[in-house]
file final_23.cif (mmCIF, C-alpha atoms)
data_final
#
loop_
_atom_site.group_PDB
_atom_site.id
_atom_site.type_symbol
_atom_site.label_atom_id
_atom_site.label_comp_id
_atom_site.auth_asym_id
_atom_site.auth_seq_id
_atom_site.Cartn_x
_atom_site.Cartn_y
_atom_site.Cartn_z
ATOM 1 C CA MET C 1 -43.477 -0.125 -14.546
ATOM 2 C CA LYS C 2 -40.837 2.312 -15.705
ATOM 3 C CA THR C 3 -41.803 5.882 -16.351
ATOM 4 C CA SER C 4 -40.951 7.507 -19.666
ATOM 5 C CA LEU C 5 -39.964 10.992 -20.670
ATOM 6 C CA CYS C 6 -42.474 13.044 -22.587
ATOM 7 C CA GLY C 7 -42.210 13.299 -26.327
ATOM 8 C CA SER C 8 -44.402 12.729 -29.338
ATOM 9 C CA SER C 9 -44.441 10.348 -32.261
ATOM 10 C CA ALA C 10 -47.493 10.470 -34.480
ATOM 11 C CA ASP C 11 -48.793 8.622 -37.499
ATOM 12 C CA ALA C 12 -50.097 10.182 -40.676
ATOM 13 C CA ARG C 13 -53.252 11.424 -38.948
ATOM 14 C CA GLY C 14 -51.471 13.040 -36.021
ATOM 15 C CA ARG C 15 -52.415 10.080 -33.856
ATOM 16 C CA GLU C 16 -49.686 8.930 -31.479
ATOM 17 C CA LEU C 17 -47.759 5.839 -32.444
ATOM 18 C CA VAL C 18 -46.860 5.124 -28.846
ATOM 19 C CA GLU C 19 -48.332 2.024 -27.258
ATOM 20 C CA HIS C 20 -49.405 3.175 -23.810
ATOM 21 C CA GLY C 21 -48.848 0.173 -21.591
ATOM 22 C CA THR C 22 -49.600 -3.308 -22.918
ATOM 23 C CA ALA C 23 -52.619 -5.224 -24.172
ATOM 24 C CA LEU C 24 -52.794 -6.899 -20.756
ATOM 25 C CA PHE C 25 -52.503 -3.650 -18.794
ATOM 26 C CA PRO C 26 -53.214 -0.643 -21.060
ATOM 27 C CA ALA C 27 -51.807 2.142 -18.899
ATOM 28 C CA ALA C 28 -48.490 3.975 -18.876
ATOM 29 C CA CYS C 29 -46.811 6.616 -16.703
ATOM 30 C CA TYR C 30 -44.857 9.590 -18.006
ATOM 31 C CA ARG C 31 -42.860 12.335 -16.384
ATOM 32 C CA HIS C 32 -41.230 15.517 -17.512
ATOM 33 C CA GLY C 33 -38.471 17.407 -15.767
ATOM 34 C CA PRO C 34 -36.019 20.152 -16.681
ATOM 35 C CA GLU C 35 -33.909 17.720 -18.705
ATOM 36 C CA THR C 36 -36.022 17.623 -21.871
ATOM 37 C CA VAL C 37 -37.389 19.966 -24.531
ATOM 38 C CA ASN C 38 -40.127 22.369 -23.503
ATOM 39 C CA MET C 39 -43.011 21.345 -25.741
ATOM 40 C CA VAL C 40 -45.077 18.295 -26.610
ATOM 41 C CA PRO C 41 -46.521 18.947 -30.121
ATOM 42 C CA TRP C 42 -50.212 18.710 -30.958
ATOM 43 C CA HIS C 43 -51.366 15.109 -31.045
ATOM 44 C CA TRP C 44 -54.253 12.862 -30.065
ATOM 45 C CA HIS C 45 -54.760 9.260 -28.989
ATOM 46 C CA ASP C 46 -57.519 6.780 -28.227
ATOM 47 C CA GLU C 47 -56.617 6.673 -24.539
ATOM 48 C CA LEU C 48 -57.681 8.919 -21.677
ATOM 49 C CA GLU C 49 -55.035 11.115 -20.087
ATOM 50 C CA ALA C 50 -54.641 12.790 -16.717
ATOM 51 C CA ILE C 51 -51.910 15.324 -15.895
ATOM 52 C CA LEU C 52 -50.653 16.644 -12.559
ATOM 53 C CA VAL C 53 -48.215 19.557 -12.259
ATOM 54 C CA ARG C 54 -45.702 19.131 -9.454
ATOM 55 C CA GLU C 55 -43.445 22.158 -10.040
ATOM 56 C CA GLY C 56 -43.495 25.289 -12.192
ATOM 57 C CA LEU C 57 -46.061 26.501 -14.715
ATOM 58 C CA LEU C 58 -47.420 24.300 -17.501
ATOM 59 C CA THR C 59 -49.654 25.524 -20.325
ATOM 60 C CA VAL C 60 -52.085 22.876 -21.561
ATOM 61 C CA SER C 61 -54.116 23.443 -24.732
ATOM 62 C CA VAL C 62 -57.038 21.237 -25.713
ATOM 63 C CA GLU C 63 -58.843 21.953 -28.998
ATOM 64 C CA GLY C 64 -58.919 25.715 -28.863
ATOM 65 C CA GLU C 65 -58.794 26.305 -25.112
ATOM 66 C CA SER C 66 -55.601 26.882 -23.127
ATOM 67 C CA ARG C 67 -54.874 27.191 -19.447
ATOM 68 C CA THR C 68 -51.657 27.669 -17.502
ATOM 69 C CA LEU C 69 -51.559 25.237 -14.582
ATOM 70 C CA GLU C 70 -49.614 25.772 -11.382
ATOM 71 C CA ALA C 71 -48.123 23.213 -9.020
ATOM 72 C CA GLY C 72 -50.942 21.172 -7.484
ATOM 73 C CA GLU C 73 -53.249 21.615 -10.483
ATOM 74 C CA GLY C 74 -53.972 19.266 -13.351
ATOM 75 C CA CYS C 75 -56.397 18.250 -16.048
ATOM 76 C CA PHE C 76 -58.187 15.278 -17.555
ATOM 77 C CA ILE C 77 -58.245 14.894 -21.353
ATOM 78 C CA THR C 78 -60.706 12.574 -23.015
ATOM 79 C CA ALA C 79 -60.035 10.167 -25.878
ATOM 80 C CA GLY C 80 -59.528 11.629 -29.337
ATOM 81 C CA ALA C 81 -58.990 15.218 -28.189
ATOM 82 C CA LEU C 82 -56.214 17.192 -29.863
ATOM 83 C CA HIS C 83 -53.898 18.540 -27.192
ATOM 84 C CA HIS C 84 -50.536 20.171 -26.679
ATOM 85 C CA VAL C 85 -48.426 21.212 -23.697
ATOM 86 C CA HIS C 86 -45.579 23.692 -23.370
ATOM 87 C CA TRP C 87 -43.732 25.718 -20.775
ATOM 88 C CA GLU C 88 -41.603 28.845 -20.915
ATOM 89 C CA GLY C 89 -38.995 30.683 -18.887
ATOM 90 C CA GLU C 90 -36.185 29.474 -16.686
ATOM 91 C CA GLU C 91 -38.301 28.110 -13.829
ATOM 92 C CA PRO C 92 -38.032 24.301 -13.569
ATOM 93 C CA VAL C 93 -41.138 22.395 -14.591
ATOM 94 C CA LEU C 94 -42.090 18.916 -13.428
ATOM 95 C CA PHE C 95 -45.341 17.226 -14.312
ATOM 96 C CA LEU C 96 -46.679 13.692 -14.246
ATOM 97 C CA SER C 97 -49.064 12.033 -16.647
ATOM 98 C CA ILE C 98 -50.866 8.724 -16.796
ATOM 99 C CA VAL C 99 -52.386 7.570 -20.077
ATOM 100 C CA PHE C 100 -54.825 4.663 -19.987
ATOM 101 C CA HIS C 101 -57.302 2.985 -22.283
ATOM 102 C CA PRO C 102 -61.006 3.325 -21.378
ATOM 103 C CA ARG C 103 -61.399 -0.441 -21.231
ATOM 104 C CA LEU C 104 -59.090 -0.597 -18.201
ATOM 105 C CA VAL C 105 -61.773 1.031 -16.042
ATOM 106 C CA GLY C 106 -64.870 0.533 -18.203
ATOM 107 C CA GLY C 107 -64.650 -3.156 -19.009
ATOM 108 C CA SER C 108 -67.054 -4.167 -21.771
ATOM 109 C CA VAL C 109 -69.476 -1.713 -23.336
ATOM 110 C CA GLU C 110 -72.369 -3.667 -21.781
ATOM 111 C CA SER C 111 -71.174 -3.054 -18.218
ATOM 112 C CA ILE C 112 -72.578 -0.476 -15.798
ATOM 113 C CA PHE C 113 -69.069 0.911 -15.432
ATOM 114 C CA TRP C 114 -68.953 1.776 -19.119
ATOM 115 C CA GLN C 115 -72.544 2.860 -19.651
ATOM 116 C CA GLY C 116 -73.141 4.560 -16.323
ATOM 117 C CA TYR C 117 -69.865 6.376 -15.747
ATOM 118 C CA LEU C 118 -67.435 6.227 -18.651
ATOM 119 C CA GLN C 119 -69.725 6.738 -21.633
ATOM 120 C CA PRO C 120 -70.995 10.160 -20.449
ATOM 121 C CA LEU C 121 -67.395 11.381 -20.360
ATOM 122 C CA LEU C 122 -66.610 9.949 -23.795
ATOM 123 C CA SER C 123 -69.747 11.216 -25.523
ATOM 124 C CA GLY C 124 -70.219 14.540 -23.723
ATOM 125 C CA GLY C 125 -69.250 17.883 -25.190
ATOM 126 C CA GLY C 126 -66.357 18.461 -22.802
ATOM 127 C CA ARG C 127 -62.968 17.417 -24.156
ATOM 128 C CA ARG C 128 -61.136 18.260 -20.943
ATOM 129 C CA VAL C 129 -61.717 18.902 -17.242
ATOM 130 C CA TRP C 130 -59.450 21.342 -15.396
ATOM 131 C CA LEU C 131 -58.579 20.212 -11.877
ATOM 132 C CA SER C 132 -57.647 22.417 -8.923
ATOM 133 C CA GLY C 133 -56.485 21.372 -5.482
ATOM 134 C CA GLU C 134 -58.697 24.086 -3.980
ATOM 135 C CA VAL C 135 -61.933 22.327 -4.992
ATOM 136 C CA PRO C 136 -62.548 19.333 -2.672
ATOM 137 C CA TRP C 137 -63.715 16.808 -5.245
ATOM 138 C CA GLN C 138 -61.017 17.918 -7.717
ATOM 139 C CA ALA C 139 -58.356 17.622 -5.024
ATOM 140 C CA GLU C 140 -59.607 14.069 -4.429
ATOM 141 C CA ALA C 141 -59.377 13.372 -8.167
ATOM 142 C CA LEU C 142 -55.793 14.659 -8.274
ATOM 143 C CA GLU C 143 -54.933 12.501 -5.272
ATOM 144 C CA ALA C 144 -56.368 9.444 -7.059
ATOM 145 C CA LEU C 145 -54.320 10.317 -10.139
ATOM 146 C CA GLU C 146 -51.064 10.684 -8.232
ATOM 147 C CA SER C 147 -51.717 7.501 -6.252
ATOM 148 C CA ALA C 148 -52.372 5.526 -9.447
ATOM 149 C CA TRP C 149 -49.211 6.955 -10.994
ATOM 150 C CA ARG C 150 -47.149 6.067 -7.947
ATOM 151 C CA VAL C 151 -48.289 2.444 -7.621
ATOM 152 C CA CYS C 152 -47.664 1.891 -11.337
ATOM 153 C CA VAL C 153 -44.100 3.154 -10.894
ATOM 154 C CA GLU C 154 -43.364 1.237 -7.696
ATOM 155 C CA GLU C 155 -45.179 -1.979 -8.753
ATOM 156 C CA PRO C 156 -46.022 -3.490 -5.356
ATOM 157 C CA PRO C 157 -47.730 -6.911 -5.481
ATOM 158 C CA GLY C 158 -51.162 -6.452 -7.024
ATOM 159 C CA PHE C 159 -50.369 -2.945 -8.279
ATOM 160 C CA GLU C 160 -52.625 -3.521 -11.293
ATOM 161 C CA PHE C 161 -55.645 -3.811 -8.985
ATOM 162 C CA MET C 162 -54.553 -0.736 -7.017
ATOM 163 C CA ALA C 163 -54.050 1.353 -10.140
ATOM 164 C CA ARG C 164 -57.348 0.300 -11.653
ATOM 165 C CA ASP C 165 -59.110 1.056 -8.371
ATOM 166 C CA ARG C 166 -57.670 4.578 -8.199
ATOM 167 C CA LEU C 167 -58.308 5.315 -11.869
ATOM 168 C CA SER C 168 -61.874 4.015 -11.503
ATOM 169 C CA TRP C 169 -62.391 6.434 -8.621
ATOM 170 C CA LEU C 170 -60.996 9.232 -10.760
ATOM 171 C CA ILE C 171 -63.547 8.412 -13.472
ATOM 172 C CA PHE C 172 -66.352 8.261 -10.897
ATOM 173 C CA LEU C 173 -65.474 11.707 -9.554
ATOM 174 C CA LEU C 174 -65.275 13.188 -13.048
ATOM 175 C CA SER C 175 -68.549 11.581 -14.087
ATOM 176 C CA ALA C 176 -70.349 12.595 -10.897
ATOM 177 C CA HIS C 177 -69.393 16.234 -11.362
ATOM 178 C CA SER C 178 -69.708 16.418 -15.143
ATOM 179 C CA PRO C 179 -73.430 16.298 -16.037
ATOM 180 C CA ALA C 180 -74.268 13.541 -18.497
ATOM 181 C CA ALA C 181 -76.679 15.950 -20.174
ATOM 182 C CA ARG C 182 -73.860 18.140 -21.412
ATOM 183 C CA LYS C 183 -74.452 19.453 -24.889
ATOM 184 C CA ALA C 184 -72.818 17.215 -27.464
ATOM 185 C CA PRO C 185 -70.219 18.744 -29.789
ATOM 186 C CA SER C 186 -71.769 20.601 -32.706
ATOM 187 C CA GLU C 187 -71.325 19.368 -36.257
ATOM 188 C CA LYS C 188 -69.082 22.373 -36.853
ATOM 189 C CA VAL C 189 -66.751 21.428 -33.986
ATOM 190 C CA LEU C 190 -66.592 17.816 -35.149
ATOM 191 C CA ARG C 191 -65.929 18.930 -38.740
ATOM 192 C CA ASP C 192 -63.195 21.325 -37.645
ATOM 193 C CA GLY C 193 -61.613 18.544 -35.601
ATOM 194 C CA GLU C 194 -61.386 16.246 -38.607
ATOM 195 C CA ARG C 195 -60.062 19.020 -40.829
ATOM 196 C CA ILE C 196 -57.347 20.024 -38.399
ATOM 197 C CA LYS C 197 -56.233 16.414 -38.024
ATOM 198 C CA THR C 198 -55.958 16.123 -41.807
ATOM 199 C CA MET C 199 -53.913 19.320 -42.024
ATOM 200 C CA LEU C 200 -51.633 18.294 -39.143
ATOM 201 C CA ARG C 201 -51.040 15.014 -40.914
ATOM 202 C CA TYR C 202 -50.050 16.855 -44.072
ATOM 203 C CA ILE C 203 -47.651 19.103 -42.168
ATOM 204 C CA GLU C 204 -46.010 16.079 -40.494
ATOM 205 C CA GLU C 205 -45.562 14.358 -43.866
ATOM 206 C CA HIS C 206 -44.110 17.436 -45.599
ATOM 207 C CA LEU C 207 -42.286 19.201 -42.758
ATOM 208 C CA GLY C 208 -39.013 19.358 -44.684
ATOM 209 C CA GLU C 209 -40.632 21.018 -47.691
ATOM 210 C CA ALA C 210 -41.705 24.595 -48.389
ATOM 211 C CA LEU C 211 -45.114 24.890 -46.753
ATOM 212 C CA THR C 212 -47.642 27.660 -47.278
ATOM 213 C CA ALA C 213 -51.102 28.225 -45.866
ATOM 214 C CA ALA C 214 -52.489 27.553 -49.343
ATOM 215 C CA ARG C 215 -50.808 24.139 -49.563
ATOM 216 C CA ILE C 216 -51.946 23.217 -46.073
ATOM 217 C CA ALA C 217 -55.517 24.315 -46.861
ATOM 218 C CA GLN C 218 -55.539 22.300 -50.078
ATOM 219 C CA SER C 219 -54.674 19.137 -48.144
ATOM 220 C CA ALA C 220 -58.071 19.345 -46.416
ATOM 221 C CA ALA C 221 -59.940 20.670 -49.458
ATOM 222 C CA VAL C 222 -60.760 23.991 -47.796
ATOM 223 C CA SER C 223 -60.045 27.612 -48.652
ATOM 224 C CA GLU C 224 -57.045 29.404 -47.216
ATOM 225 C CA SER C 225 -59.293 31.609 -45.075
ATOM 226 C CA GLU C 226 -61.097 28.552 -43.723
ATOM 227 C CA CYS C 227 -57.736 26.954 -42.949
ATOM 228 C CA LEU C 228 -56.682 30.039 -40.980
ATOM 229 C CA ARG C 229 -59.991 30.112 -39.095
ATOM 230 C CA CYS C 230 -59.782 26.410 -38.283
ATOM 231 C CA PHE C 231 -56.243 26.696 -36.896
ATOM 232 C CA ARG C 232 -57.136 29.743 -34.829
ATOM 233 C CA SER C 233 -60.281 28.097 -33.505
ATOM 234 C CA MET C 234 -58.871 24.668 -32.719
ATOM 235 C CA ILE C 235 -55.255 25.235 -31.685
ATOM 236 C CA GLY C 236 -54.992 28.970 -31.198
ATOM 237 C CA THR C 237 -52.328 29.837 -33.775
ATOM 238 C CA SER C 238 -51.842 30.261 -37.511
ATOM 239 C CA PRO C 239 -50.774 27.327 -39.699
ATOM 240 C CA ILE C 240 -47.431 28.961 -40.538
ATOM 241 C CA GLN C 241 -46.678 29.736 -36.898
ATOM 242 C CA TYR C 242 -47.529 26.124 -36.043
ATOM 243 C CA VAL C 243 -45.126 24.918 -38.759
ATOM 244 C CA ARG C 244 -42.353 27.131 -37.337
ATOM 245 C CA GLN C 245 -42.952 25.819 -33.816
ATOM 246 C CA LEU C 246 -42.988 22.194 -34.944
ATOM 247 C CA ARG C 247 -39.811 22.617 -37.016
ATOM 248 C CA VAL C 248 -37.960 24.165 -34.084
ATOM 249 C CA GLN C 249 -39.206 21.392 -31.792
ATOM 250 C CA ARG C 250 -38.022 18.685 -34.201
ATOM 251 C CA ALA C 251 -34.678 20.466 -34.541
ATOM 252 C CA ALA C 252 -34.290 20.629 -30.753
ATOM 253 C CA GLU C 253 -34.923 16.884 -30.498
ATOM 254 C CA LEU C 254 -32.304 16.164 -33.182
ATOM 255 C CA LEU C 255 -29.780 18.523 -31.609
ATOM 256 C CA GLU C 256 -30.088 16.618 -28.357
ATOM 257 C CA ALA C 257 -30.300 13.077 -29.712
ATOM 258 C CA THR C 258 -27.876 13.081 -32.672
ATOM 259 C CA ASP C 259 -24.437 14.277 -33.751
ATOM 260 C CA TRP C 260 -25.706 15.590 -37.075
ATOM 261 C CA LYS C 261 -24.282 18.856 -38.322
ATOM 262 C CA ILE C 262 -26.457 21.796 -37.324
ATOM 263 C CA ALA C 263 -26.932 22.817 -40.953
ATOM 264 C CA ASP C 264 -28.130 19.298 -41.827
ATOM 265 C CA ILE C 265 -30.609 19.368 -38.938
ATOM 266 C CA GLY C 266 -31.960 22.704 -40.102
ATOM 267 C CA ALA C 267 -32.406 21.427 -43.645
ATOM 268 C CA ALA C 268 -34.069 18.206 -42.469
ATOM 269 C CA CYS C 269 -36.583 20.275 -40.500
ATOM 270 C CA GLY C 270 -37.432 22.572 -43.408
ATOM 271 C CA PHE C 271 -35.011 25.459 -42.805
ATOM 272 C CA GLN C 272 -33.159 25.914 -46.068
ATOM 273 C CA GLU C 273 -31.244 29.010 -44.957
ATOM 274 C CA MET C 274 -28.946 28.681 -41.945
ATOM 275 C CA GLY C 275 -29.350 32.273 -40.789
ATOM 276 C CA TYR C 276 -33.134 31.970 -40.741
ATOM 277 C CA PHE C 277 -32.875 28.681 -38.862
ATOM 278 C CA ALA C 278 -30.659 30.255 -36.194
ATOM 279 C CA ARG C 279 -32.896 33.334 -35.822
ATOM 280 C CA THR C 280 -36.107 31.308 -35.624
ATOM 281 C CA PHE C 281 -34.632 28.806 -33.188
ATOM 282 C CA ARG C 282 -33.334 31.576 -30.939
ATOM 283 C CA ALA C 283 -36.664 33.434 -31.052
ATOM 284 C CA LEU C 284 -38.527 30.353 -29.786
ATOM 285 C CA LYS C 285 -35.885 28.726 -27.566
ATOM 286 C CA GLY C 286 -33.989 31.743 -26.274
ATOM 287 C CA ARG C 287 -30.621 30.419 -27.487
ATOM 288 C CA THR C 288 -28.925 29.470 -30.738
ATOM 289 C CA PRO C 289 -28.907 25.859 -31.990
ATOM 290 C CA SER C 290 -25.238 25.457 -31.028
ATOM 291 C CA GLN C 291 -25.856 26.866 -27.540
ATOM 292 C CA TYR C 292 -28.833 24.546 -27.116
ATOM 293 C CA ARG C 293 -26.772 21.493 -28.124
ATOM 294 C CA GLU C 294 -23.959 22.490 -25.756
ATOM 295 C CA GLU C 295 -26.408 22.864 -22.866
ATOM 296 C CA CYS C 296 -27.841 19.405 -23.592
ATOM 297 C CA ARG C 297 -24.380 17.839 -23.616
ATOM 298 C CA ASN C 298 -23.360 19.572 -20.388
ATOM 299 C CA ARG C 299 -26.564 18.434 -18.706
ATOM 300 C CA LYS C 300 -25.987 14.827 -19.765
ATOM 301 C CA LYS C 301 -22.442 14.945 -18.407
ATOM 302 C CA LYS C 302 -23.732 16.301 -15.120
ATOM 303 C CA ASP C 303 -26.408 13.614 -14.925
ATOM 304 C CA THR C 304 -23.888 10.810 -15.417
ATOM 305 C CA THR C 305 -21.671 12.107 -12.605
ATOM 306 C CA CYS C 306 -24.475 12.883 -10.148
ATOM 307 C CA LYS C 307 -24.255 10.644 -7.088
ATOM 308 C CA THR C 308 -27.908 11.070 -6.105
ATOM 309 C CA PRO C 309 -30.239 8.990 -8.290
ATOM 310 C CA PRO C 310 -33.418 10.600 -9.691
ATOM 311 C CA PRO C 311 -36.622 10.001 -7.721
ATOM 312 C CA VAL C 312 -38.132 7.830 -10.458
ATOM 313 C CA VAL C 313 -36.707 5.481 -13.056
ATOM 314 C CA GLU C 314 -36.567 6.884 -16.570
ATOM 315 C CA SER C 315 -36.602 5.168 -19.924
ATOM 316 C CA LYS C 316 -36.770 6.293 -23.496
ATOM 317 C CA GLY C 317 -40.302 6.853 -24.623
ATOM 318 C CA ASN C 318 -42.986 9.298 -25.585
ATOM 319 C CA PHE C 319 -45.706 11.294 -23.994
#

call {"tool": "encode", "arguments": {"input": "final_23.cif", "output": "structure tokens"}}
result
Amino acid sequence: MKTSLCGSSADARGRELVEHGTALFPAACYRHGPETVNMVPWHWHDELEAILVREGLLTVSVEGESRTLEAGEGCFITAGALHHVHWEGEEPVLFLSIVFHPRLVGGSVESIFWQGYLQPLLSGGGRRVWLSGEVPWQAEALEALESAWRVCVEEPPGFEFMARDRLSWLIFLLSAHSPAARKAPSEKVLRDGERIKTMLRYIEEHLGEALTAARIAQSAAVSESECLRCFRSMIGTSPIQYVRQLRVQRAAELLEATDWKIADIGAACGFQEMGYFARTFRALKGRTPSQYREECRNRKKKDTTCKTPPPVVESKGNF
């Protein structure tokens, strides 16, 4: 199984369009290194996800809670949870992720695997579990994650059994140390989750247009103040700041992947004034759009002339 670089492609509800694995083996491996953009936008998917940081500092945000993870730390994110990752500074960052459908380890809903171990994780109030190598059972969970990731990449004979075995053990450890009696999400949290997904969908659909907090609020039939509260509560920023971040991220992806004129990229991402585009991009990325594009091109040239192959195989894809 080839690994893929992290990215994000979402449908109208903010749900990822990426097919993680195949219908026969619904699991996929992803990696991120210094060679790609430094943010994966807010998104959600029906699969479970486990992340392990190998180098640098990675900030992971899950529905209103953020934590900066160091090398050797990770997290588990349950199905349907809005999440986002980003990293800052010049220090290289490398992290691994495996995304897999619950049925891979749970089987049918009538099985003991589903009802006894998986269902408590899916229905409990916790949307994420932070994992540290300093806690014995969490270190074991991270080891199971990395082992599953590795066998999926290397594909030895019977790797599907090996990966399922290691992911099943990961679920067992999480279930055993996450009480099934956890308080279920409140109606308010569930309502906020649906509202934020609606508003993120609207932003995705109208990113190239003039967006205001009032327009975004109207898309979910809430007041502007409720929109602001919902964004702050669920993803820790204002709607307008989120729009700015997403526009810059989309622009960075286009600068790297296309030969479009910089002004056309800015306009496509909702920046109608070139000076504002350059200032906003530099404020968030630490360099101008032209400098960013030049760095991407130089890095690609260096990669094509490097005699030492990367440690894992890469392919185009999404996180």

call {"tool": "resolve_selection", "arguments": {"input": "final_23.cif", "expression": "the PyMOL selection byres ((chain C and resi 27) around 10)", "output": "mmCIF file with C-alpha atoms, in the coordinates of the input"}}
result
data_model
loop_
_atom_site.group_PDB
_atom_site.id
_atom_site.type_symbol
_atom_site.label_atom_id
_atom_site.label_comp_id
_atom_site.auth_asym_id
_atom_site.auth_seq_id
_atom_site.Cartn_x
_atom_site.Cartn_y
_atom_site.Cartn_z
ATOM 1 C CA MET C 1 -43.477 -0.125 -14.546
ATOM 2 C CA GLU C 19 -48.332 2.024 -27.258
ATOM 3 C CA HIS C 20 -49.405 3.175 -23.810
ATOM 4 C CA GLY C 21 -48.848 0.173 -21.591
ATOM 5 C CA THR C 22 -49.600 -3.308 -22.918
ATOM 6 C CA ALA C 23 -52.619 -5.224 -24.172
ATOM 7 C CA LEU C 24 -52.794 -6.899 -20.756
ATOM 8 C CA PHE C 25 -52.503 -3.650 -18.794
ATOM 9 C CA PRO C 26 -53.214 -0.643 -21.060
ATOM 10 C CA ALA C 28 -48.490 3.975 -18.876
ATOM 11 C CA CYS C 29 -46.811 6.616 -16.703
ATOM 12 C CA GLU C 47 -56.617 6.673 -24.539
ATOM 13 C CA LEU C 48 -57.681 8.919 -21.677
ATOM 14 C CA GLU C 49 -55.035 11.115 -20.087
ATOM 15 C CA ILE C 98 -50.866 8.724 -16.796
ATOM 16 C CA VAL C 99 -52.386 7.570 -20.077
ATOM 17 C CA PHE C 100 -54.825 4.663 -19.987
ATOM 18 C CA HIS C 101 -57.302 2.985 -22.283
ATOM 19 C CA PRO C 102 -61.006 3.325 -21.378
ATOM 20 C CA LEU C 104 -59.090 -0.597 -18.201
ATOM 21 C CA TRP C 149 -49.211 6.955 -10.994
ATOM 22 C CA CYS C 152 -47.664 1.891 -11.337
ATOM 23 C CA GLU C 160 -52.625 -3.521 -11.293
ATOM 24 C CA ALA C 163 -54.050 1.353 -10.140
ATOM 25 C CA ARG C 164 -57.348 0.300 -11.653
#

call {"tool": "atom_distance", "arguments": {"input": "final_23.cif", "atom1": "atom CA of Leu69 of chain C", "atom2": "atom CA of Gly286 of chain C"}}
result
22.1 Å

call {"tool": "resolve_selection", "arguments": {"input": "final_23.cif", "expression": "the PyMOL selection byres ((chain C and resi 177) around 12)", "output": "NGL selection string"}}
result
:C and (117 or 120-121 or 129-131 or 135-138 or 141 or 170-176 or 178-182)

call {"tool": "residues_near_point", "arguments": {"input": "final_23.cif", "point": "(-51.0, 17.2, -16.3)", "cutoff": "7 Å", "atoms": "all atoms listed in the file", "output": "list of chain:residue names"}}
result
C:Ala50, C:Ile51, C:Leu52, C:Val53, C:Gly74, C:Cys75, C:Phe95, C:Leu96, C:Ser97

call {"tool": "write_last_selection", "arguments": {"input": "final_23.cif", "atoms": "C-alpha atoms", "output": "short mmCIF file (atom, residue, chain, number, x, y, z; two decimals), in the frame of the given file"}}
result
data_model
loop_
_atom_site.label_atom_id
_atom_site.label_comp_id
_atom_site.auth_asym_id
_atom_site.auth_seq_id
_atom_site.Cartn_x
_atom_site.Cartn_y
_atom_site.Cartn_z
CA ALA C 50 -54.64 12.79 -16.72
CA ILE C 51 -51.91 15.32 -15.90
CA LEU C 52 -50.65 16.64 -12.56
CA VAL C 53 -48.22 19.56 -12.26
CA GLY C 74 -53.97 19.27 -13.35
CA CYS C 75 -56.40 18.25 -16.05
CA PHE C 95 -45.34 17.23 -14.31
CA LEU C 96 -46.68 13.69 -14.25
CA SER C 97 -49.06 12.03 -16.65
#

call {"tool": "atom_distance", "arguments": {"input": "final_23.cif", "atom1": "atom CA of His83 of chain C", "atom2": "atom CA of Gly266 of chain C"}}
result
25.8 Å

call {"tool": "resolve_selection", "arguments": {"input": "final_23.cif", "expression": "the PyMOL selection byres ((chain C and resi 90) around 12)", "output": "PyMOL selection string"}}
result
chain C and resi 34+38+56-57+87-89+91-93+285-286

call {"tool": "atom_distance", "arguments": {"input": "final_23.cif", "atom1": "atom CA of Arg299 of chain C", "atom2": "atom CA of Leu255 of chain C"}}
result
13.3 Å

call {"tool": "axis_aligned_box", "arguments": {"input": "final_23.cif", "around": "segment 211-217 of chain C", "padding_each_side": "5 Å", "output": "AutoDock Vina command-line options"}}
result
--center_x -50.3 --center_y 25.7 --center_z -47.7 --size_x 20.4 --size_y 15.0 --size_z 13.7

call {"tool": "residues_near_point", "arguments": {"input": "final_23.cif", "point": "(-41.7, 24.8, -39.2)", "cutoff": "9 Å", "atoms": "only C-alpha atoms", "output": "tab-separated table (two decimals) with C-alpha atoms, in the coordinates of the input"}}
result
chain	number	residue	atom	x	y	z
C	203	ILE	CA	-47.65	19.10	-42.17
C	207	LEU	CA	-42.29	19.20	-42.76
C	208	GLY	CA	-39.01	19.36	-44.68
C	211	LEU	CA	-45.11	24.89	-46.75
C	240	ILE	CA	-47.43	28.96	-40.54
C	241	GLN	CA	-46.68	29.74	-36.90
C	242	TYR	CA	-47.53	26.12	-36.04
C	243	VAL	CA	-45.13	24.92	-38.76
C	244	ARG	CA	-42.35	27.13	-37.34
C	245	GLN	CA	-42.95	25.82	-33.82
C	246	LEU	CA	-42.99	22.19	-34.94
C	247	ARG	CA	-39.81	22.62	-37.02
C	248	VAL	CA	-37.96	24.16	-34.08
C	249	GLN	CA	-39.21	21.39	-31.79
C	250	ARG	CA	-38.02	18.68	-34.20
C	269	CYS	CA	-36.58	20.27	-40.50
C	270	GLY	CA	-37.43	22.57	-43.41
C	271	PHE	CA	-35.01	25.46	-42.80
